[in-house]
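A short worksheet on the structure shown next.
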Amino acid sequence: STSATNEEVHSEPCIHMITSLDEEDGTEMGEGDEWMQGKTLIKPLDQLDLTEAELKEEFTRILTANNPHAPQNIVRYSFKERSYKPISSVDQLAVHFVLEGNLLHQDSDEARRQRAKQEKATEGGGEERADSVESKAGKKEQKITNQFNFSERASQTLNNPLRERGCQTEPPPRANFSATANQWEIYDVYLEVLQKQEKNKEKAKAVPKKDDDKGKKKMMLVETQSDDITKVAKVAKIIERMVNQNTFDDIAQDFKYFEDASDEYREQEGTLLPLWKFQYDKAKRLSVTALCWNESYKDLFAVGLGSYDFTKQGRGMLVFYSLKNSTFPEYIYPTTSGILCLDIHKHLPYLVAVGFYDGCVAVYNLKEETLQPIYKSTAKSGKHTDPVWQVKWQKDDMDNNHNFFSVSSDGRVVSWTLVKNELVFTDIIKLSLAGAVSEGPEGVQLPIMACGTSFDFHKQIDYLFLVGTEEGKIHKCSKAYSSQFLETYNAHNMAVDAVKWNHFHTKVFISCSSDWTVKIWDHTIKTPMFTFDLNASVGDVAWSPYSSTVFAAVTTDGKVHTFDLSINKYEAICQQPVVAKKKTKLTHIEFNPVYPIIIVGDDRGYVTSLKLSPNLRKKPKEKKGQELPKGPEVEIAKMEKLLSLLREPENSNA
Amino acid sequence: MAEVEETLKRIQTHKGVIGTIVVNAEGIPIRTTLDNSTTVQYAGLLHQLTMKARSTVRDLDPQNDLTFLRIRPKKHEIMVAPDKEYLLIVIQNPSE
């Protein structure tokens, strides 16, 4: 409104102007009015109170170009005058506001440069390097590159997120194994492998023997299933022997080491030292009827038990003892009939031939588990009809079959051959009474037979053997001639109980009989060389294996008579009773082939072992300066000397 | 089998024998005539000793093997016989 522009400070309002406007602006006018009307002076309280005159006073204000803020007395140091001097003119410019623009003139350098840059950028990427170089070059000075123009570039592929996956199996079953690797364990394993190989080879070879193998396999199975105790068998045996050794320690020591020192003081006599006594409970009522040492196992001997009493014949027993165990036999074989003789094969220590009272012969195999003989003669297979008094193994025949001979009271000397599973017999000779021999060569067999009671085979000459009969005659026979004897000796008045060749001298043999005599013969001469009367029925006589002139005889009065012809030709050098009770009769005697002991059997079932004292074992004294000559030759020479002594007087007499 | 039993019986009743023990390969006594504690003691100790003795013998010569072992203390004598699987121990008083 125009009234508003009126800026005169006059206090006279133009009411009529204003009122004309009132009609147009209702309220504004009202306000203006009020403002106009309200322009009565309202004095602030602190306003200066001036008079009117003072109020009308005019003050003049001049606009000049001087900056009121600019200083008017700036001084500068002048080095020339070395003092401060005021500057004449002071800059009066006052800057109120500055704003820098970013506009360039299009023709300026900078603008050109920028334009060029923009053009290049729009042209395209091209080589970034060039770009970067360009850009770098454009922006700054050119960057120096390396001599290879190498610039490293790296890029990274996406790293795949890692994921771990595992799985676990069940651990294999474990067992702890520990062993020591000794030399002997290695050796054992090697042996096992060797044995297996050998077994395989055998199986490959022995195909037709399948049944045997099966049988053996069955045996094996049975063994393993049975009680564990059986495996202790071997060990138990060893322990038993050890225990026995302990108990009979003194005997064992004597056996090995004792030499009777008192023999030095006795000129010729010797003694027998009793060692072990062997007895078996179940054999108490039987008498020892046969003794035999085993050639291979020098401590093993066989005892045949039976009865000499012809009225009381019952069972018998075959028992084997070892010197290592005197309390119990090693092998026991009960038999139905009494045993009268036995012989162990020289080379096969497990084969034993046995002759029975009932006339049978049997062969036992010690290796077999059974108690039965492997062969037995029967009535069909030619068994003797009378007791068999002696059996003896022979060398294998041409077919490599084992064979043995037997002599019996029925007058037959029979050869038995072990052919596969049978016992084949061959009559070798039939003993007939002496009277019949002289009859012609038709070989008429007289029905009267002599009874053979003993025989012995020559050590060297195979076919030659001696047979002693119940009539007291000894016949020298040959295997080749079945009807004739080579020689007959009228030996004794009663049955010849034993006849034995000398171990060394080929011509000499000894015989003993129940007529109380022992006679020594040279088989070329019909009369005995020596005769000894022993005052009692002689049960058995045996040569010693170590000397040709030593022999021993046992009598029914319980004595053992030992003779050494090189020392004393007429008397025994030892006569010793060996059994406690005088009633016991000694029945058999045998020398051990190696050890200086003898075993003596009696009729109560005992076997006593005795050690020969040194006097009984005398070897010939070597002449001074000469070496000890070899055994057999010396023995033979010894005997020969004796015999020649005997012969000379005979010759001279004759 | 009866033979073995008889043999063992004979050993047990032999003069001077105090006791017998049968021990198996692991050192456990199977049969004994002595009381339990003594048996166990004997079995354990002698088993080890026998093994050692056997090892010694065989180390010296692998073809050799231990047949038996005798130990003579003052009072009794102990005899041990080893086998592949078993051990037999016998205690005896020898000097009777």
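Lettering and numbering for the structure tokens are positional, with chains as A, B, ... in the shown order, residues counted from 1 in each chain, and ligands counted from 1 in the shown order.
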Write down as a PyMOL selection string the residues belonging to segment 27-121 of chain A that are assigned strand (DSSP E) by DSSP computed on the backbone.
-> chain A and resi 75-78+83-86
At most 10 Å to chain B: residues in chain A, only C-alpha atoms, as a VMD selection string | chain A and resid 182 to 188 191 223 226 to 250 327 to 328
Can you spit out the residues from that selection as an mmCIF file, in the first residue's frame, using C-alpha atoms?
data_model
loop_
_atom_site.group_PDB
_atom_site.id
_atom_site.type_symbol
_atom_site.label_atom_id
_atom_site.label_comp_id
_atom_site.auth_asym_id
_atom_site.auth_seq_id
_atom_site.Cartn_x
_atom_site.Cartn_y
_atom_site.Cartn_z
ATOM 1 C CA ASN A 182 66.828 -118.245 19.152
ATOM 2 C CA GLN A 183 69.061 -120.394 17.117
ATOM 3 C CA TRP A 184 67.226 -123.458 18.222
ATOM 4 C CA GLU A 185 63.821 -122.139 17.385
ATOM 5 C CA ILE A 186 64.963 -121.541 13.863
ATOM 6 C CA TYR A 187 66.418 -125.014 13.812
ATOM 7 C CA ASP A 188 63.153 -126.489 15.029
ATOM 8 C CA LEU A 191 63.221 -129.553 11.004
ATOM 9 C CA GLU A 223 45.653 -140.032 20.648
ATOM 10 C CA SER A 226 42.459 -138.728 24.698
ATOM 11 C CA ASP A 227 43.399 -137.415 28.040
ATOM 12 C CA ASP A 228 46.337 -135.120 28.293
ATOM 13 C CA ILE A 229 48.055 -137.382 30.694
ATOM 14 C CA THR A 230 49.206 -139.753 27.979
ATOM 15 C CA LYS A 231 51.553 -137.159 26.670
ATOM 16 C CA VAL A 232 53.392 -137.204 29.912
ATOM 17 C CA ALA A 233 54.260 -140.849 29.356
ATOM 18 C CA LYS A 234 57.740 -140.359 28.108
ATOM 19 C CA VAL A 235 58.557 -137.795 30.703
ATOM 20 C CA ALA A 236 57.093 -139.933 33.411
ATOM 21 C CA LYS A 237 59.349 -142.733 32.390
ATOM 22 C CA ILE A 238 62.382 -140.544 32.587
ATOM 23 C CA ILE A 239 61.357 -139.320 35.989
ATOM 24 C CA GLU A 240 60.778 -142.826 37.208
ATOM 25 C CA ARG A 241 64.231 -143.781 36.152
ATOM 26 C CA MET A 242 65.636 -140.755 37.845
ATOM 27 C CA VAL A 243 63.809 -141.553 41.039
ATOM 28 C CA ASN A 244 65.083 -145.090 40.897
ATOM 29 C CA GLN A 245 68.522 -143.890 40.259
ATOM 30 C CA ASN A 246 68.297 -141.818 43.366
ATOM 31 C CA THR A 247 66.985 -144.601 45.486
ATOM 32 C CA PHE A 248 69.479 -147.095 44.244
ATOM 33 C CA ASP A 249 72.175 -144.570 43.894
ATOM 34 C CA ASP A 250 74.787 -146.678 45.551
ATOM 35 C CA THR A 327 61.475 -151.695 40.110
ATOM 36 C CA PHE A 328 59.246 -152.092 37.133
#
Find the residues near Asp35 of chain B: any atom within 12 Å, counting only C-alpha atoms, skip ones fewer than 5 places away on the same chain, and give them as a PDB file with all heavy atoms, in the first residue's frame.
ATOM      1  N   ILE B  18      58.588-137.238  47.911  1.00  0.00           N
ATOM      2  CA  ILE B  18      57.731-136.397  48.740  1.00  0.00           C
ATOM      3  C   ILE B  18      56.523-135.927  47.959  1.00  0.00           C
ATOM      4  O   ILE B  18      55.416-135.872  48.474  1.00  0.00           O
ATOM      5  CB  ILE B  18      58.527-135.186  49.247  1.00  0.00           C
ATOM      6  CG1 ILE B  18      59.686-135.689  50.112  1.00  0.00           C
ATOM      7  CG2 ILE B  18      57.643-134.257  50.037  1.00  0.00           C
ATOM      8  CD1 ILE B  18      60.659-134.641  50.468  1.00  0.00           C
ATOM      9  N   GLY B  19      56.717-135.581  46.711  1.00  0.00           N
ATOM     10  CA  GLY B  19      55.580-135.098  45.946  1.00  0.00           C
ATOM     11  C   GLY B  19      55.870-135.089  44.467  1.00  0.00           C
ATOM     12  O   GLY B  19      57.032-135.071  44.038  1.00  0.00           O
ATOM     13  N   THR B  20      54.791-135.114  43.691  1.00  0.00           N
ATOM     14  CA  THR B  20      54.925-135.013  42.242  1.00  0.00           C
ATOM     15  C   THR B  20      53.963-133.948  41.734  1.00  0.00           C
ATOM     16  O   THR B  20      52.864-133.798  42.257  1.00  0.00           O
ATOM     17  CB  THR B  20      54.573-136.323  41.535  1.00  0.00           C
ATOM     18  OG1 THR B  20      53.429-136.877  42.166  1.00  0.00           O
ATOM     19  CG2 THR B  20      55.690-137.316  41.582  1.00  0.00           C
ATOM     20  N   ILE B  21      54.400-133.232  40.723  1.00  0.00           N
ATOM     21  CA  ILE B  21      53.554-132.190  40.137  1.00  0.00           C
ATOM     22  C   ILE B  21      53.648-132.310  38.623  1.00  0.00           C
ATOM     23  O   ILE B  21      54.739-132.473  38.082  1.00  0.00           O
ATOM     24  CB  ILE B  21      54.045-130.776  40.537  1.00  0.00           C
ATOM     25  CG1 ILE B  21      54.173-130.674  42.058  1.00  0.00           C
ATOM     26  CG2 ILE B  21      53.088-129.721  40.025  1.00  0.00           C
ATOM     27  CD1 ILE B  21      54.873-129.410  42.500  1.00  0.00           C
ATOM     28  N   PRO B  29      49.744-125.880  37.110  1.00  0.00           N
ATOM     29  CA  PRO B  29      49.808-127.278  37.551  1.00  0.00           C
ATOM     30  C   PRO B  29      48.503-128.019  37.296  1.00  0.00           C
ATOM     31  O   PRO B  29      47.423-127.515  37.595  1.00  0.00           O
ATOM     32  CB  PRO B  29      50.106-127.169  39.047  1.00  0.00           C
ATOM     33  CG  PRO B  29      49.792-125.785  39.425  1.00  0.00           C
ATOM     34  CD  PRO B  29      49.801-124.938  38.218  1.00  0.00           C
ATOM     35  N   VAL B  40      51.826-124.299  43.553  1.00  0.00           N
ATOM     36  CA  VAL B  40      51.879-123.127  42.679  1.00  0.00           C
ATOM     37  C   VAL B  40      53.283-122.533  42.685  1.00  0.00           C
ATOM     38  O   VAL B  40      53.835-122.156  41.647  1.00  0.00           O
ATOM     39  CB  VAL B  40      50.827-122.092  43.135  1.00  0.00           C
ATOM     40  CG1 VAL B  40      51.062-120.771  42.466  1.00  0.00           C
ATOM     41  CG2 VAL B  40      49.443-122.599  42.839  1.00  0.00           C
ATOM     42  N   GLN B  41      53.855-122.509  43.847  1.00  0.00           N
ATOM     43  CA  GLN B  41      55.196-121.933  43.948  1.00  0.00           C
ATOM     44  C   GLN B  41      56.208-122.741  43.141  1.00  0.00           C
ATOM     45  O   GLN B  41      56.948-122.207  42.317  1.00  0.00           O
ATOM     46  CB  GLN B  41      55.587-121.922  45.425  1.00  0.00           C
ATOM     47  CG  GLN B  41      56.577-120.851  45.758  1.00  0.00           C
ATOM     48  CD  GLN B  41      56.948-120.898  47.214  1.00  0.00           C
ATOM     49  OE1 GLN B  41      56.643-121.840  47.913  1.00  0.00           O
ATOM     50  NE2 GLN B  41      57.637-119.872  47.652  1.00  0.00           N
ATOM     51  N   TYR B  42      56.181-124.037  43.382  1.00  0.00           N
ATOM     52  CA  TYR B  42      57.107-124.901  42.660  1.00  0.00           C
ATOM     53  C   TYR B  42      56.910-124.773  41.170  1.00  0.00           C
ATOM     54  O   TYR B  42      57.863-124.644  40.402  1.00  0.00           O
ATOM     55  CB  TYR B  42      56.881-126.372  43.063  1.00  0.00           C
ATOM     56  CG  TYR B  42      57.761-126.836  44.194  1.00  0.00           C
ATOM     57  CD1 TYR B  42      57.279-126.927  45.486  1.00  0.00           C
ATOM     58  CD2 TYR B  42      59.066-127.221  43.953  1.00  0.00           C
ATOM     59  CE1 TYR B  42      58.078-127.362  46.515  1.00  0.00           C
ATOM     60  CE2 TYR B  42      59.869-127.661  44.983  1.00  0.00           C
ATOM     61  CZ  TYR B  42      59.370-127.729  46.264  1.00  0.00           C
ATOM     62  OH  TYR B  42      60.161-128.175  47.282  1.00  0.00           O
ATOM     63  N   ALA B  43      55.647-124.836  40.777  1.00  0.00           N
ATOM     64  CA  ALA B  43      55.348-124.832  39.342  1.00  0.00           C
ATOM     65  C   ALA B  43      55.878-123.567  38.697  1.00  0.00           C
ATOM     66  O   ALA B  43      56.584-123.611  37.685  1.00  0.00           O
ATOM     67  CB  ALA B  43      53.844-124.957  39.126  1.00  0.00           C
TER      68      ALA B  43
END
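You can rank A:Val579, A:Ala450, A:Ile428, A:Ile598 by their closest distance to Ser482 of chain A using only C-alpha atoms, and at the top of that list sits A:Ile428.
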Using DSSP on the backbone, list every residue of segment 2-89 of chain B that comes out as helix (DSSP H, G or I), and give them as a PyMOL selection string.
-> chain B and resi 2-13+36-60
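Compared by their closest atoms to Phe563 of chain A, and using only C-alpha atoms, the residues A:Val518, A:Asp358, A:Lys583, A:Ala536 rank with A:Val518 nearest.
Going from atom CA of Val550 of chain A over to atom CA of Arg266 of chain A, you cover 17.5 Å.
With only C-alpha atoms as the atoms that count, the minimum distance from Asn615 of chain A to the choices A:Gln268, A:Gln72, A:Ser514, A:Gln576 is reached by A:Gln268.
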Can you tell me, as a ChimeraX atom specification, what residues are no more than 8 Å from Lys459 of chain A when counting only C-alpha atoms, ignoring any on the same chain fewer than 6 positions away?
-> /A:501,503,506
